[in-house]
Structure formats: C-alpha cells, structure tokens
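Participant: Below is a structure I'd like to ask you about.
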Amino acid sequence: MPKIKAPARSPHIDMTPMVDLFSLLLTFFMLTTSFRPQEAAIIQSPNSVSEKQAPDKNIMTIIIDKNGKVFYNIDNGKDTTSHARVNVLTEMAKQYQISFTKKELEDFGHLASFGMPMADMRKWLHAADSKEKEKFQTGIPTDSVDNRASELAMWIRFSRLTNSNAEVAIKGDAEANYKTVKKIMDMLQENKVNKFNLITNLEKQEVTLKDVPK
Amino acid sequence: MAEIIQEEKGKKGGKRRPKKHSTNIDMTPMVDLMCLLITFFMLTTAFSKPKIMVITMPEKNLDQKAPEIPAWRTLNIILTDKDVVYYYIGNADPKKPPLPVLSKSDFSKDGIRKVLLEKNKDLFTQIVNYREKRISGKLVVADSTADQEIRRMKRGDMKGPIVLIKADDKAKYKDIVNIIDEMAICNLASYAVVDILPIELELLKTAPK
C-alpha cells in the first residue's frame, strides 16, 4: 500500500477575522479615550456615593498629597484660544517680578499640574524630562510671609480674575490632614469661592428603609 | 505568522501570460501596527472619570447674624483622629451648664449612620418612598423634576436635625469626606462644616476613648 501523504498545508493563516476584531477594538479605544492627565503626585482619593462627574473644562484643581504638599492645576478654559494658563502666569510673574520669555510662557500653557515656589518655576520649565521636573515639585507655599498673601492665594486670585467661570475642585489624598484642607478652603472663601467640588471615587452604599431604627 | 509567497515558475515556451498575482495581501505589518496602537490606547485611557462631591460653605465675614437654631434640632458632630466620631445634641455653652456629654461612634454601618437615620426618619422615609415610586414605574417624571421635588421635601423639613460638622487639627481629610458622604446617604436636609469651638476642644479631652 502506498503511504498516505498528508496534504501539504500552506503556512498561511487567514488573518482577516483577527484584523476585523483589532479594527473594532482600535476604533472603540480611539473614540472612548480621554487621556489620563499627568499628575504631579499620586493621590488616593477618598470614597463617596456621589455620581456627579467632574467637568472636563473650566476647572481649577488644588491637589493635596498625603504629606500636605500642595499642587495646582488650571486648564485653559472652554475656549483654548483665551490662553488662561499663560495669562495667569504672566500676572504671577508681574507680582513676583520674574520675567518669562515667550517660549517659557508657551511651554507653561501646555503643561499640567505643578507645585513649586515661584522662584523655582523657571527651573521647572527648563527641566528636560518628567523625572527631572519631579525634583522641583516641592509644593506651593501656603503660608503668608511678611503680611503678603501666600503664593497659593495669589495663584487662586489671578485664576479667578482670569477665568471667573472656573469651578474649584479639591483633590485631596484620603490621608491628608484636615488642617491643610481647611487652610485652603479658607483661602478660597476669601476669594469668594463658596462652592467646592471634592474629587472622590465612587463607592456604592445601599441604605433602605429597613436600616431605619424603629 | 509570516507568509510565504510562492514565486511562480516561468513556463517554458507557450503563450506568454501576464503573471498571476496572489490575491492574498500580506497583513502582518498592519496587524503589528494595530496591536501597538491598541496597546497604547488601552494603557493611556482613563476609563472612570473622577466623581465629584459638591459642598457649599456658608459665606464668611457676613455682617448678618447666624440664624437661630433650636437646640433640640442641633446635632454636633466632632471629628478627630482614629476614625472616631463624637456627637452631642444641643449647644455647648460654658456660661450655661450643664455641659453636654459627648457620645462616641464610628463610621461603620451601625455607627453614626444609625444616629442620623433615627433623627432624620421622616424625611428619609419620604425621599426613599418617592425614589422607589419612580423606580417601580408608578411615577414617571424627569430627573430634573425629581431632583426639584426632593429639594422641596428637604426645604419643607421642619423636624430633622441640623448637623454641624466640626473637626479638630488631628482629623484626616477622608473623615470629613466620609461624614459629608454620610449626610448624602441619610438624605439630610441641612448640614454645614463649621469651625470647632474652644469649649468643644475641652470636651474632647474628657471624651470616652
């Protein structure tokens, strides 16, 4: 009997279904994506039952890490051509008598959260990469010196003047001290902000009528 | 998964036919690129957008006097370290003894929530019933209308407690978020975060540990 030869198979695999699936996934991710912003510090937000979503635009965020360091972030507002960030930094520069070049201002406009004394701002802007930049993120001073408002208070004031529609969000670490948060809330209230958005993680809690003590 | 494209062997003699091209397109580079892109998007996507809890604070430095609150409605909550909640009802006034005694509680389900629910029983029942009616389909109203209705219920509440939240310097940020959250869970109508009084700091010293 002749040997039965297995028919020679082509090594070619039909990749069409795989490509189909990949295209679908890719389209899905491209459409749903909203990039995770780079944060100056790792924040473990506390939990709450609130399901309200944080706005994307027109928001100024004060970030408090667990050591009490304070970082700040503002966006460019609904209309990006208004360059809110650049304007705020220009005002701050005037206040602290630091002159920034046009390029430095522009760079600042593209960056995200920051936290350093104004004196270090230029070094931070010139730092080559994110690792280098991290070194300068030492927190914005929150104490007033010689009866002058603290730097954070100034940032808040100029942000309010530049973009008065911006909402205030406080992103505090769960372990942060309430004392620091209170100080910042007081500072905000001095600048006529009475509504705060506390950034939290969603954690559902079920409470029904059965839980009501008789 | 590379594809092997077999070269057609030239035939000797005969008619010259146009070379037959394989209909298979090599998709490997495309697949490679797609893999890369998918990985990139998967890693950079922030799926869950941050949620926010809104809190409105009373305006400061107003000349007008604070509204008078009946003492029996006032529930003072004092936060300090180690997840402990102290509370007392009424006012603590050093000029008017006896001073209230602090009760101890915590953030668990049977802790401060029970106290709040008991005090806020009427309003809580009212709101939960209203929400259930909507869920079961007996009542069909838009979300905004429902929100308005609940707000109206809260405004009309004349029996529920008025909670004053105070925290000393040892409190953590999460405590304050937890307690405000508890207010939302128990559907409390009126609460405010206020400064702690010196007399309350004194009371804390003698509070049960």
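Ordered as shown in the structure tokens, chains take letters A, B, and onward, while each chain numbers its residues from 1 and ligands are numbered from 1 in the order shown.
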Compute the set of chain B residues within 9 Å of chain A, using only C-alpha atoms, and express it as a PDB file with C-alpha atoms, in the first residue's frame.
Facilitator:
ATOM      1  CA  MET B   1       2.929  34.119  11.014  1.00  0.00           C
ATOM      2  CA  ALA B   2       4.939  35.313   8.104  1.00  0.00           C
ATOM      3  CA  GLU B   3       3.512  34.415   4.805  1.00  0.00           C
ATOM      4  CA  ILE B   4       5.426  32.658   2.199  1.00  0.00           C
ATOM      5  CA  MET B  27      -1.464  41.720   6.500  1.00  0.00           C
ATOM      6  CA  THR B  28       1.263  41.148   9.037  1.00  0.00           C
ATOM      7  CA  MET B  30      -0.904  46.044   9.545  1.00  0.00           C
ATOM      8  CA  VAL B  31      -1.642  43.642  12.378  1.00  0.00           C
ATOM      9  CA  MET B  34      -2.797  47.698  15.152  1.00  0.00           C
ATOM     10  CA  CYS B  35      -1.535  45.679  18.091  1.00  0.00           C
ATOM     11  CA  LEU B  37      -1.967  51.133  18.726  1.00  0.00           C
ATOM     12  CA  ILE B  38      -4.461  49.111  20.736  1.00  0.00           C
ATOM     13  CA  PHE B  41      -4.784  53.329  23.751  1.00  0.00           C
ATOM     14  CA  MET B  42      -5.594  50.718  26.357  1.00  0.00           C
ATOM     15  CA  THR B  44      -3.439  55.621  28.278  1.00  0.00           C
ATOM     16  CA  THR B  45      -7.212  55.547  28.577  1.00  0.00           C
ATOM     17  CA  ALA B  46      -8.737  56.860  31.767  1.00  0.00           C
ATOM     18  CA  PHE B  47     -11.934  54.884  31.927  1.00  0.00           C
ATOM     19  CA  LYS B  49     -13.755  59.753  35.154  1.00  0.00           C
ATOM     20  CA  PRO B  50     -13.307  61.249  38.589  1.00  0.00           C
ATOM     21  CA  LYS B  51     -16.504  61.882  40.503  1.00  0.00           C
ATOM     22  CA  ILE B  52     -17.127  64.991  42.491  1.00  0.00           C
ATOM     23  CA  MET B  53     -18.927  65.702  45.693  1.00  0.00           C
ATOM     24  CA  VAL B  54     -20.243  69.215  45.856  1.00  0.00           C
ATOM     25  CA  ILE B  55     -20.231  71.088  49.112  1.00  0.00           C
ATOM     26  CA  THR B  56     -21.326  74.652  49.568  1.00  0.00           C
ATOM     27  CA  MET B  57     -19.977  76.523  52.526  1.00  0.00           C
ATOM     28  CA  PRO B  58     -21.702  79.439  54.197  1.00  0.00           C
ATOM     29  CA  GLU B  59     -20.259  82.737  53.117  1.00  0.00           C
ATOM     30  CA  LYS B  60     -17.756  84.188  55.510  1.00  0.00           C
ATOM     31  CA  LYS B 114     -27.883  54.876  62.739  1.00  0.00           C
ATOM     32  CA  VAL B 115     -27.961  58.047  64.772  1.00  0.00           C
ATOM     33  CA  LEU B 117     -31.206  57.877  60.297  1.00  0.00           C
ATOM     34  CA  GLU B 118     -33.099  57.821  63.540  1.00  0.00           C
ATOM     35  CA  LYS B 121     -36.503  59.225  59.941  1.00  0.00           C
ATOM     36  CA  PHE B 124     -35.533  59.785  54.857  1.00  0.00           C
ATOM     37  CA  THR B 125     -38.694  57.670  54.556  1.00  0.00           C
ATOM     38  CA  VAL B 128     -36.873  56.793  49.775  1.00  0.00           C
ATOM     39  CA  ASN B 129     -40.564  56.207  49.094  1.00  0.00           C
ATOM     40  CA  ALA B 167     -13.106  68.751  63.069  1.00  0.00           C
ATOM     41  CA  ASP B 168     -10.027  69.300  65.147  1.00  0.00           C
ATOM     42  CA  ASP B 169      -6.494  69.500  63.781  1.00  0.00           C
ATOM     43  CA  LYS B 170      -5.913  65.785  64.062  1.00  0.00           C
ATOM     44  CA  ALA B 171      -8.713  64.861  61.687  1.00  0.00           C
ATOM     45  CA  LYS B 172      -7.909  63.438  58.285  1.00  0.00           C
ATOM     46  CA  TYR B 173      -9.353  64.649  55.024  1.00  0.00           C
ATOM     47  CA  LYS B 174     -11.110  61.340  54.447  1.00  0.00           C
ATOM     48  CA  ASP B 175     -13.020  61.722  57.721  1.00  0.00           C
ATOM     49  CA  ILE B 176     -14.588  64.934  56.567  1.00  0.00           C
ATOM     50  CA  VAL B 177     -15.416  63.416  53.183  1.00  0.00           C
ATOM     51  CA  ASN B 178     -16.888  60.371  54.897  1.00  0.00           C
ATOM     52  CA  ILE B 180     -20.367  64.627  54.336  1.00  0.00           C
ATOM     53  CA  ASP B 181     -20.997  61.461  52.386  1.00  0.00           C
ATOM     54  CA  GLU B 182     -22.979  60.125  55.308  1.00  0.00           C
ATOM     55  CA  ALA B 184     -25.871  62.443  51.456  1.00  0.00           C
ATOM     56  CA  ILE B 185     -26.624  58.793  52.242  1.00  0.00           C
ATOM     57  CA  CYS B 186     -29.052  59.706  55.013  1.00  0.00           C
TER      58      CYS B 186
END
Participant: Quick check for you: according to DSSP on this backbone, which residues of stretch 18-188 of chain A are classed as helix (DSSP H, G or I)? Reply as a PDB file with C-alpha atoms, in the first residue's frame.
Facilitator:
ATOM      1  CA  MET A  18      -8.255  38.935  13.632  1.00  0.00           C
ATOM      2  CA  VAL A  19      -7.826  42.143  11.705  1.00  0.00           C
ATOM      3  CA  ASP A  20     -11.560  42.744  11.913  1.00  0.00           C
ATOM      4  CA  LEU A  21     -11.521  42.363  15.639  1.00  0.00           C
ATOM      5  CA  PHE A  22      -8.476  44.544  16.011  1.00  0.00           C
ATOM      6  CA  SER A  23     -10.031  47.294  13.945  1.00  0.00           C
ATOM      7  CA  LEU A  24     -13.111  47.210  16.090  1.00  0.00           C
ATOM      8  CA  LEU A  25     -11.141  47.388  19.308  1.00  0.00           C
ATOM      9  CA  LEU A  26      -8.944  50.116  17.973  1.00  0.00           C
ATOM     10  CA  THR A  27     -11.909  52.192  16.870  1.00  0.00           C
ATOM     11  CA  PHE A  28     -13.548  51.695  20.249  1.00  0.00           C
ATOM     12  CA  PHE A  29     -10.487  52.787  22.186  1.00  0.00           C
ATOM     13  CA  MET A  30      -9.822  55.708  19.919  1.00  0.00           C
ATOM     14  CA  LEU A  31     -13.338  57.013  20.317  1.00  0.00           C
ATOM     15  CA  THR A  32     -13.731  56.487  24.041  1.00  0.00           C
ATOM     16  CA  THR A  80      -8.419  77.363  24.335  1.00  0.00           C
ATOM     17  CA  THR A  81      -7.538  80.481  22.390  1.00  0.00           C
ATOM     18  CA  SER A  82      -8.029  82.519  25.545  1.00  0.00           C
ATOM     19  CA  ALA A  84      -5.917  81.241  30.558  1.00  0.00           C
ATOM     20  CA  ARG A  85      -2.820  79.476  31.858  1.00  0.00           C
ATOM     21  CA  VAL A  86      -0.447  81.830  30.106  1.00  0.00           C
ATOM     22  CA  ASN A  87      -2.343  84.859  31.352  1.00  0.00           C
ATOM     23  CA  VAL A  88      -2.286  83.646  34.921  1.00  0.00           C
ATOM     24  CA  LEU A  89       1.446  83.035  34.811  1.00  0.00           C
ATOM     25  CA  THR A  90       2.010  86.461  33.279  1.00  0.00           C
ATOM     26  CA  GLU A  91       0.146  88.044  36.186  1.00  0.00           C
ATOM     27  CA  MET A  92       2.076  85.938  38.676  1.00  0.00           C
ATOM     28  CA  ALA A  93       5.347  86.939  37.037  1.00  0.00           C
ATOM     29  CA  LYS A  94       4.425  90.601  37.412  1.00  0.00           C
ATOM     30  CA  GLN A  95       3.564  90.052  41.043  1.00  0.00           C
ATOM     31  CA  TYR A  96       6.831  88.345  41.891  1.00  0.00           C
ATOM     32  CA  LYS A 102       7.584  83.986  25.318  1.00  0.00           C
ATOM     33  CA  LYS A 103       8.684  80.402  24.910  1.00  0.00           C
ATOM     34  CA  GLU A 104       8.602  79.759  28.636  1.00  0.00           C
ATOM     35  CA  LEU A 105       5.073  81.091  28.819  1.00  0.00           C
ATOM     36  CA  GLU A 106       4.030  78.954  25.887  1.00  0.00           C
ATOM     37  CA  ASP A 107       5.570  75.862  27.462  1.00  0.00           C
ATOM     38  CA  PHE A 108       3.672  76.523  30.645  1.00  0.00           C
ATOM     39  CA  GLY A 109       0.453  76.670  28.649  1.00  0.00           C
ATOM     40  CA  HIS A 110       0.871  73.058  27.576  1.00  0.00           C
ATOM     41  CA  MET A 118       7.598  80.891  42.035  1.00  0.00           C
ATOM     42  CA  ALA A 119      11.378  81.120  42.366  1.00  0.00           C
ATOM     43  CA  ASP A 120      11.711  77.575  41.040  1.00  0.00           C
ATOM     44  CA  MET A 121       9.183  77.956  38.263  1.00  0.00           C
ATOM     45  CA  ARG A 122      11.748  78.721  35.594  1.00  0.00           C
ATOM     46  CA  LYS A 123      13.929  75.753  36.534  1.00  0.00           C
ATOM     47  CA  TRP A 124      10.895  73.528  36.334  1.00  0.00           C
ATOM     48  CA  LEU A 125      10.008  74.852  32.897  1.00  0.00           C
ATOM     49  CA  HIS A 126      13.541  74.210  31.662  1.00  0.00           C
ATOM     50  CA  SER A 130       9.445  64.436  33.624  1.00  0.00           C
ATOM     51  CA  LYS A 131      11.901  62.833  36.019  1.00  0.00           C
ATOM     52  CA  GLU A 132      13.944  65.979  36.135  1.00  0.00           C
ATOM     53  CA  LYS A 133      10.779  68.031  36.539  1.00  0.00           C
ATOM     54  CA  GLU A 134       9.657  65.987  39.504  1.00  0.00           C
ATOM     55  CA  GLU A 151       1.707  82.124  46.726  1.00  0.00           C
ATOM     56  CA  LEU A 152      -1.195  79.711  46.544  1.00  0.00           C
ATOM     57  CA  ALA A 153      -3.579  82.527  47.448  1.00  0.00           C
ATOM     58  CA  MET A 154      -2.077  84.564  44.629  1.00  0.00           C
ATOM     59  CA  TRP A 155      -2.487  81.721  42.152  1.00  0.00           C
ATOM     60  CA  ILE A 156      -6.106  81.393  43.193  1.00  0.00           C
ATOM     61  CA  ARG A 157      -6.736  85.110  42.980  1.00  0.00           C
ATOM     62  CA  PHE A 158      -5.258  85.512  39.496  1.00  0.00           C
ATOM     63  CA  SER A 159      -7.012  82.400  38.230  1.00  0.00           C
ATOM     64  CA  ARG A 160     -10.287  83.825  39.473  1.00  0.00           C
ATOM     65  CA  LEU A 161      -9.555  87.137  37.791  1.00  0.00           C
ATOM     66  CA  THR A 162      -8.567  85.496  34.509  1.00  0.00           C
ATOM     67  CA  TYR A 178      -7.781  68.247  57.518  1.00  0.00           C
ATOM     68  CA  LYS A 179      -5.841  71.235  58.827  1.00  0.00           C
ATOM     69  CA  THR A 180      -4.240  71.775  55.419  1.00  0.00           C
ATOM     70  CA  VAL A 181      -7.526  71.323  53.619  1.00  0.00           C
ATOM     71  CA  LYS A 182      -9.199  73.777  55.979  1.00  0.00           C
ATOM     72  CA  LYS A 183      -6.491  76.340  55.361  1.00  0.00           C
ATOM     73  CA  ILE A 184      -7.016  76.046  51.623  1.00  0.00           C
ATOM     74  CA  MET A 185     -10.788  76.222  51.952  1.00  0.00           C
ATOM     75  CA  ASP A 186     -10.445  79.403  53.988  1.00  0.00           C
ATOM     76  CA  MET A 187      -8.144  80.799  51.340  1.00  0.00           C
ATOM     77  CA  LEU A 188     -10.697  80.007  48.671  1.00  0.00           C
TER      78      LEU A 188
END
Participant: Give me every strand (DSSP E) residue in stretch 48-127 of chain A, going by DSSP on the backbone, as a VMD selection string.
Facilitator: chain A and resid 48 52 to 53 59 to 64 70 to 74
